[in-house]
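Structure file start-v1.txt (compact mmCIF, C-alpha atoms) is printed below.
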# COMPACT_ATOMS: atom_id res chain seq x y z
CA GLU J 622 -11.33 -63.13 -17.86
CA ALA J 623 -8.37 -60.76 -17.88
CA GLN J 624 -9.64 -57.30 -17.17
CA VAL J 625 -9.30 -53.93 -15.52
CA THR J 626 -12.31 -52.88 -13.48
CA GLN J 627 -13.24 -49.45 -12.22
CA ASN J 628 -15.87 -48.34 -9.74
CA PRO J 629 -18.04 -46.43 -9.83
CA ARG J 630 -18.74 -46.09 -13.53
CA TYR J 631 -20.69 -42.89 -13.06
CA LEU J 632 -20.56 -40.39 -10.21
CA ILE J 633 -22.09 -37.01 -9.60
CA THR J 634 -20.79 -35.21 -6.54
CA VAL J 635 -20.41 -31.74 -5.10
CA THR J 636 -17.38 -29.55 -4.68
CA GLY J 637 -15.22 -30.49 -1.71
CA LYS J 638 -16.68 -33.92 -0.97
CA LYS J 639 -13.84 -36.44 -0.89
CA LEU J 640 -14.19 -39.38 -3.24
CA THR J 641 -12.26 -42.44 -4.33
CA VAL J 642 -12.41 -44.20 -7.67
CA THR J 643 -11.21 -47.76 -7.40
CA CYS J 644 -9.22 -49.64 -10.03
CA SER J 645 -8.37 -53.31 -9.95
CA GLN J 646 -6.62 -55.63 -12.40
CA ASN J 647 -6.42 -59.42 -12.34
CA MET J 648 -3.44 -59.88 -14.64
CA ASN J 649 -0.64 -59.52 -12.08
CA HIS J 650 0.56 -56.41 -13.88
CA GLU J 651 3.29 -54.32 -12.32
CA TYR J 652 2.52 -51.05 -14.09
CA MET J 653 -0.71 -49.15 -13.53
CA SER J 654 -1.75 -45.62 -14.41
CA TRP J 655 -4.63 -43.16 -14.37
CA TYR J 656 -5.71 -40.91 -17.22
CA ARG J 657 -8.35 -38.29 -17.69
CA GLN J 658 -9.96 -37.58 -21.03
CA ASP J 659 -11.43 -34.22 -21.89
CA PRO J 660 -12.84 -33.01 -25.22
CA GLY J 661 -10.10 -31.65 -27.46
CA LEU J 662 -7.33 -32.62 -25.03
CA GLY J 663 -7.02 -36.36 -25.58
CA LEU J 664 -5.96 -38.60 -22.71
CA ARG J 665 -3.64 -37.07 -20.14
CA GLN J 666 -1.80 -39.09 -17.55
CA ILE J 667 -2.50 -38.21 -13.91
CA TYR J 668 -0.37 -40.66 -11.92
CA TYR J 669 1.35 -43.92 -12.54
CA SER J 670 2.81 -46.75 -10.49
CA MET J 671 5.62 -49.04 -11.51
CA ASN J 672 5.02 -51.47 -8.65
CA VAL J 673 3.71 -51.78 -5.10
CA GLU J 674 4.51 -48.68 -3.04
CA VAL J 675 6.07 -46.96 -6.09
CA THR J 676 4.03 -44.11 -7.53
CA ASP J 677 4.88 -40.97 -9.46
CA LYS J 678 3.22 -37.96 -11.02
CA GLY J 679 2.10 -37.84 -14.60
CA ASP J 680 1.25 -34.76 -16.60
CA VAL J 681 -1.72 -33.48 -14.58
CA PRO J 682 -1.40 -34.65 -10.95
CA GLU J 683 -2.73 -31.54 -9.19
CA GLY J 684 -5.78 -32.28 -7.05
CA TYR J 685 -5.31 -36.05 -7.11
CA LYS J 686 -3.70 -38.67 -4.91
CA VAL J 687 -3.05 -42.34 -5.47
CA SER J 688 -1.81 -45.30 -3.49
CA ARG J 689 -0.50 -48.73 -4.42
CA LYS J 690 -0.58 -50.95 -1.36
CA GLU J 691 -1.38 -54.09 -3.32
CA LYS J 692 -0.32 -55.06 -6.80
CA ARG J 693 -3.84 -55.42 -8.12
CA ASN J 694 -5.35 -52.17 -6.83
CA PHE J 695 -4.60 -48.56 -7.70
CA PRO J 696 -7.26 -46.19 -6.31
CA LEU J 697 -7.54 -42.57 -7.40
CA ILE J 698 -8.41 -40.18 -4.59
CA LEU J 699 -9.85 -36.70 -4.96
CA GLU J 700 -9.52 -35.10 -1.53
CA SER J 701 -11.49 -31.97 -2.41
CA PRO J 702 -13.04 -32.27 -5.87
CA SER J 703 -13.62 -29.15 -7.94
CA PRO J 704 -15.70 -28.62 -11.08
CA ASN J 705 -12.57 -28.60 -13.28
CA GLN J 706 -12.11 -32.25 -12.34
CA THR J 707 -15.29 -33.15 -14.17
CA SER J 708 -13.99 -35.61 -16.72
CA LEU J 709 -13.87 -39.17 -18.00
CA TYR J 710 -11.27 -41.18 -16.09
CA PHE J 711 -9.51 -44.32 -17.21
CA CYS J 712 -7.32 -46.71 -15.30
CA ALA J 713 -4.83 -48.80 -17.26
CA SER J 714 -2.32 -51.54 -16.55
CA SER J 715 0.44 -53.37 -18.33
CA PHE J 716 2.92 -56.08 -17.46
CA GLU J 717 5.66 -53.50 -17.02
CA LEU J 718 6.64 -50.01 -18.11
CA ALA J 719 8.43 -51.08 -21.28
CA SER J 720 6.99 -50.01 -24.60
CA TYR J 721 6.62 -53.55 -25.92
CA ASN J 722 3.83 -54.24 -23.44
CA GLU J 723 0.39 -53.11 -24.45
CA GLN J 724 -1.79 -51.34 -21.93
CA PHE J 725 -5.18 -52.65 -20.87
CA PHE J 726 -7.72 -49.98 -20.08
CA GLY J 727 -10.68 -50.06 -17.75
CA PRO J 728 -14.20 -49.12 -18.89
CA GLY J 729 -13.97 -45.58 -17.58
CA THR J 730 -15.53 -43.53 -14.79
CA ARG J 731 -17.53 -40.48 -15.75
CA LEU J 732 -17.25 -37.95 -12.94
CA THR J 733 -19.29 -34.78 -12.62
CA VAL J 734 -18.42 -32.29 -9.88
CA LEU J 735 -21.09 -29.68 -9.26
CA ASP E 227 7.63 -39.48 -27.90
CA ALA E 228 7.09 -39.26 -31.64
CA LYS E 229 4.60 -36.76 -32.98
CA THR E 230 2.05 -38.51 -35.16
CA THR E 231 -0.28 -37.16 -37.83
CA GLN E 232 -3.51 -38.87 -38.81
CA PRO E 233 -6.44 -37.82 -40.99
CA PRO E 234 -9.33 -36.65 -38.81
CA SER E 235 -11.91 -38.94 -40.38
CA MET E 236 -12.41 -41.75 -42.88
CA ASP E 237 -15.30 -43.80 -44.16
CA CYS E 238 -15.24 -47.44 -45.17
CA ALA E 239 -17.86 -49.76 -46.61
CA GLU E 240 -18.78 -52.77 -44.52
CA GLY E 241 -16.85 -55.86 -45.59
CA ARG E 242 -14.14 -53.87 -47.31
CA ALA E 243 -10.62 -53.28 -46.03
CA ALA E 244 -10.06 -50.15 -43.99
CA ASN E 245 -6.61 -48.63 -44.45
CA LEU E 246 -5.74 -46.03 -41.83
CA PRO E 247 -2.55 -44.03 -42.43
CA CYS E 248 -0.27 -42.45 -39.86
CA ASN E 249 2.77 -40.24 -40.34
CA HIS E 250 5.43 -40.37 -37.62
CA SER E 251 8.44 -38.78 -39.30
CA THR E 252 10.14 -37.95 -35.96
CA ILE E 253 10.01 -41.45 -34.57
CA SER E 254 13.29 -42.66 -33.09
CA GLY E 255 14.83 -46.06 -33.59
CA ASN E 256 13.69 -47.46 -30.25
CA GLU E 257 10.11 -46.20 -30.31
CA TYR E 258 7.39 -48.66 -31.08
CA VAL E 259 4.39 -47.75 -33.23
CA TYR E 260 1.17 -48.60 -31.43
CA TRP E 261 -2.42 -48.54 -32.56
CA TYR E 262 -5.33 -48.32 -30.16
CA ARG E 263 -8.97 -47.62 -30.78
CA GLN E 264 -11.74 -46.13 -28.68
CA ILE E 265 -15.35 -47.01 -29.29
CA HIS E 266 -17.68 -44.29 -28.08
CA SER E 267 -16.06 -43.27 -24.77
CA GLN E 268 -15.20 -46.83 -23.78
CA GLY E 269 -11.68 -47.56 -22.57
CA PRO E 270 -9.09 -47.51 -25.36
CA GLN E 271 -8.46 -50.95 -26.78
CA TYR E 272 -5.09 -52.19 -27.91
CA ILE E 273 -4.97 -53.32 -31.55
CA ILE E 274 -1.40 -53.96 -32.62
CA HIS E 275 2.14 -52.65 -32.36
CA GLY E 276 5.44 -52.97 -34.20
CA LEU E 277 8.98 -51.70 -34.29
CA LYS E 278 10.36 -52.32 -37.76
CA ASN E 279 8.67 -55.31 -39.31
CA ASN E 280 5.12 -55.64 -40.52
CA GLU E 281 2.87 -57.30 -38.00
CA THR E 282 -0.41 -59.19 -38.17
CA ASN E 283 -2.75 -60.44 -35.50
CA GLU E 284 -6.36 -61.54 -35.32
CA MET E 285 -7.60 -57.96 -35.42
CA ALA E 286 -5.45 -56.17 -37.94
CA SER E 287 -2.24 -55.82 -39.91
CA LEU E 288 0.37 -53.12 -39.43
CA ILE E 289 2.52 -52.06 -42.33
CA ILE E 290 5.53 -49.91 -41.39
CA THR E 291 7.56 -48.25 -44.13
CA GLU E 292 11.22 -49.13 -44.34
CA ASP E 293 12.27 -45.65 -43.18
CA ARG E 294 9.73 -45.93 -40.31
CA LYS E 295 8.33 -42.49 -41.06
CA SER E 296 4.83 -43.77 -41.64
CA SER E 297 2.62 -46.77 -41.11
CA THR E 298 -0.79 -48.10 -42.15
CA LEU E 299 -3.25 -50.02 -40.04
CA ILE E 300 -5.33 -52.43 -42.09
CA LEU E 301 -8.62 -53.86 -40.92
CA PRO E 302 -9.11 -56.52 -43.59
CA HIS E 303 -12.89 -56.87 -43.45
CA ALA E 304 -14.39 -53.91 -41.64
CA THR E 305 -17.65 -54.41 -39.77
CA LEU E 306 -20.03 -51.88 -38.27
CA ARG E 307 -18.52 -52.64 -34.86
CA ASP E 308 -15.18 -51.32 -36.08
CA THR E 309 -16.59 -47.79 -36.10
CA ALA E 310 -14.35 -46.00 -33.61
CA VAL E 311 -11.58 -43.45 -33.17
CA TYR E 312 -8.22 -44.98 -34.04
CA TYR E 313 -5.05 -43.67 -32.44
CA CYS E 314 -1.52 -44.07 -33.75
CA ILE E 315 1.13 -43.55 -31.07
CA GLY E 316 4.91 -43.62 -31.06
CA LEU E 317 6.12 -44.99 -27.75
CA TYR E 318 9.44 -45.26 -25.95
CA ASN E 319 7.72 -46.52 -22.81
CA ASN E 320 4.18 -46.57 -21.51
CA ASN E 321 4.63 -43.24 -19.75
CA ASP E 322 5.01 -41.62 -23.16
CA MET E 323 1.51 -42.56 -24.22
CA ARG E 324 -0.07 -39.49 -25.81
CA PHE E 325 -3.41 -39.91 -27.48
CA GLY E 326 -3.96 -37.20 -30.06
CA ALA E 327 -7.15 -36.60 -31.97
CA GLY E 328 -6.86 -39.86 -33.93
CA THR E 329 -8.90 -40.87 -36.98
CA ARG E 330 -12.63 -41.29 -36.65
CA LEU E 331 -13.45 -44.32 -38.81
CA THR E 332 -17.06 -44.78 -39.81
CA VAL E 333 -17.98 -48.13 -41.32
CA LYS E 334 -21.10 -47.83 -43.42
CA PRO E 335 -23.50 -50.59 -44.46

Could I get this structure in the form of structure tokens?
Amino acid sequence: EAQVTQNPRYLITVTGKKLTVTCSQNMNHEYMSWYRQDPGLGLRQIYYSMNVEVTDKGDVPEGYKVSRKEKRNFPLILESPSPNQTSLYFCASSFELASYNEQFFGPGTRLTVL
Amino acid sequence: DAKTTQPPSMDCAEGRAANLPCNHSTISGNEYVYWYRQIHSQGPQYIIHGLKNNETNEMASLIITEDRKSSTLILPHATLRDTAVYYCIGLYNNNDMRFGAGTRLTVKP
């Protein structure tokens, strides 16, 4: 089944404790991205990747890192999480950047930073 | 990316057609109109997209006005599982994706 998977689905952590949220897709998609969703603010893009070893900042990259060493994986790294990073996170992928390709979203990771 | 305007909420009776409007008067000629939906904090789900012509797939139909300033998403036979927030987005490329508040559709028995 074609899908985007994220792990963990739920995480409660404390300020400053490094964490990684994994994202994997099995559709051989070139384009992958991370979003966060907060009440009243919609989805905001954190980082995106157009292909292996090619990543760039989205609208709200501060406090996050990403890597794209393999085509299928695009982990989101929070080196020193803070409470304002408490949010619902979504990973997404599409065949390529172009607008005629729909994006496939993962199930979401609900992160709470205490 | 095009600014879109959608009603905040709509109700629909189960089994009836749900018609969700979207205004995108600033859309440019090369921006696609996309519809996604989000069911209760799950990942957004792609529904349909179009550029100029009307489109239909197994989920829905998309009617785009000739001047491309507005569109309507039609769910022909709404079910309770179609209750969700529906987002209309004007896209030049996938980095332009901006989910606004959308329309909260409630399908009632």

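As for atom CA of E:Leu317 and atom CA of E:Ala304, they are spaced 26.3 Å apart.
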
- Query: What lies within 6 Å of stretch 629-636 of chain J using all atoms listed in the file, ignoring chain neighbours under 3 positions off, as JSON, numbers by chain?
  - Reply: {"J": [702, 703, 730, 731, 732, 733, 734, 735]}

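Picture a line from atom CA of J:Gly661 to atom CA of J:Ser708; it runs 12.1 Å.
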
Each chain E residue no farther than 12 Å from chain J, nearest pair in Å, only C-alpha atoms, as a Markdown table:
| residue | atom | partner | partner_atom | distance |
| --- | --- | --- | --- | --- |
| E:Asp227 | CA | J:Ser720 | CA | 11.1 |
| E:Asn256 | CA | J:Ser720 | CA | 9.1 |
| E:Glu257 | CA | J:Ser720 | CA | 7.5 |
| E:Tyr258 | CA | J:Ser720 | CA | 6.6 |
| E:Val259 | CA | J:Ser720 | CA | 9.3 |
| E:Tyr260 | CA | J:Glu723 | CA | 8.3 |
| E:Trp261 | CA | J:Glu723 | CA | 9.7 |
| E:Tyr262 | CA | J:Glu723 | CA | 9.4 |
| E:Arg263 | CA | J:Phe726 | CA | 11.0 |
| E:Gln264 | CA | J:Phe726 | CA | 10.2 |
| E:Ile265 | CA | J:Pro728 | CA | 10.7 |
| E:His266 | CA | J:Pro728 | CA | 10.9 |
| E:Ser267 | CA | J:Gly729 | CA | 7.8 |
| E:Gln268 | CA | J:Pro728 | CA | 5.5 |
| E:Gly269 | CA | J:Pro728 | CA | 4.7 |
| E:Pro270 | CA | J:Phe726 | CA | 6.0 |
| E:Gln271 | CA | J:Phe726 | CA | 6.8 |
| E:Tyr272 | CA | J:Glu723 | CA | 6.5 |
| E:Ile273 | CA | J:Glu723 | CA | 8.9 |
| E:Ile274 | CA | J:Glu723 | CA | 8.4 |
| E:His275 | CA | J:Tyr721 | CA | 7.9 |
| E:Gly276 | CA | J:Tyr721 | CA | 8.4 |
| E:Leu277 | CA | J:Tyr721 | CA | 8.9 |
| E:Val311 | CA | J:Gly663 | CA | 11.3 |
| E:Tyr313 | CA | J:Gly663 | CA | 10.2 |
| E:Ile315 | CA | J:Ser720 | CA | 10.9 |
| E:Gly316 | CA | J:Ser720 | CA | 9.3 |
| E:Leu317 | CA | J:Ser720 | CA | 6.0 |
| E:Tyr318 | CA | J:Ser720 | CA | 5.5 |
| E:Asn319 | CA | J:Ser720 | CA | 4.0 |
| E:Asn320 | CA | J:Ser720 | CA | 5.4 |
| E:Asn321 | CA | J:Leu718 | CA | 7.3 |
| E:Asp322 | CA | J:Ser720 | CA | 8.7 |
| E:Met323 | CA | J:Gln666 | CA | 8.2 |
| E:Arg324 | CA | J:Leu664 | CA | 6.7 |
| E:Phe325 | CA | J:Gly663 | CA | 5.4 |
| E:Gly326 | CA | J:Gly663 | CA | 5.5 |
| E:Ala327 | CA | J:Gly663 | CA | 6.4 |
| E:Gly328 | CA | J:Gly663 | CA | 9.1 |

- Query: For J:Pro682, which residue among J:Asp659, J:Thr626, J:Gln706, J:Asn694 is the nearest when counting only C-alpha atoms?
  - Reply: J:Gln706

- Item | Separation of atom CA of E:Glu292 from atom CA of E:Lys278, in Å and rounded to one decimal | 7.4 Å

- 9 Å contact set for E:Ile289, only C-alpha atoms, chain neighbours under 6 positions out, as a PyMOL selection string: chain E and resi 276+279-282+296-300

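Considering the residues J:Lys692, J:Gln624, J:Ser701, J:Thr707 and counting all atoms listed in the file, J:Lys638 has its shortest atom-to-atom contact with J:Ser701.
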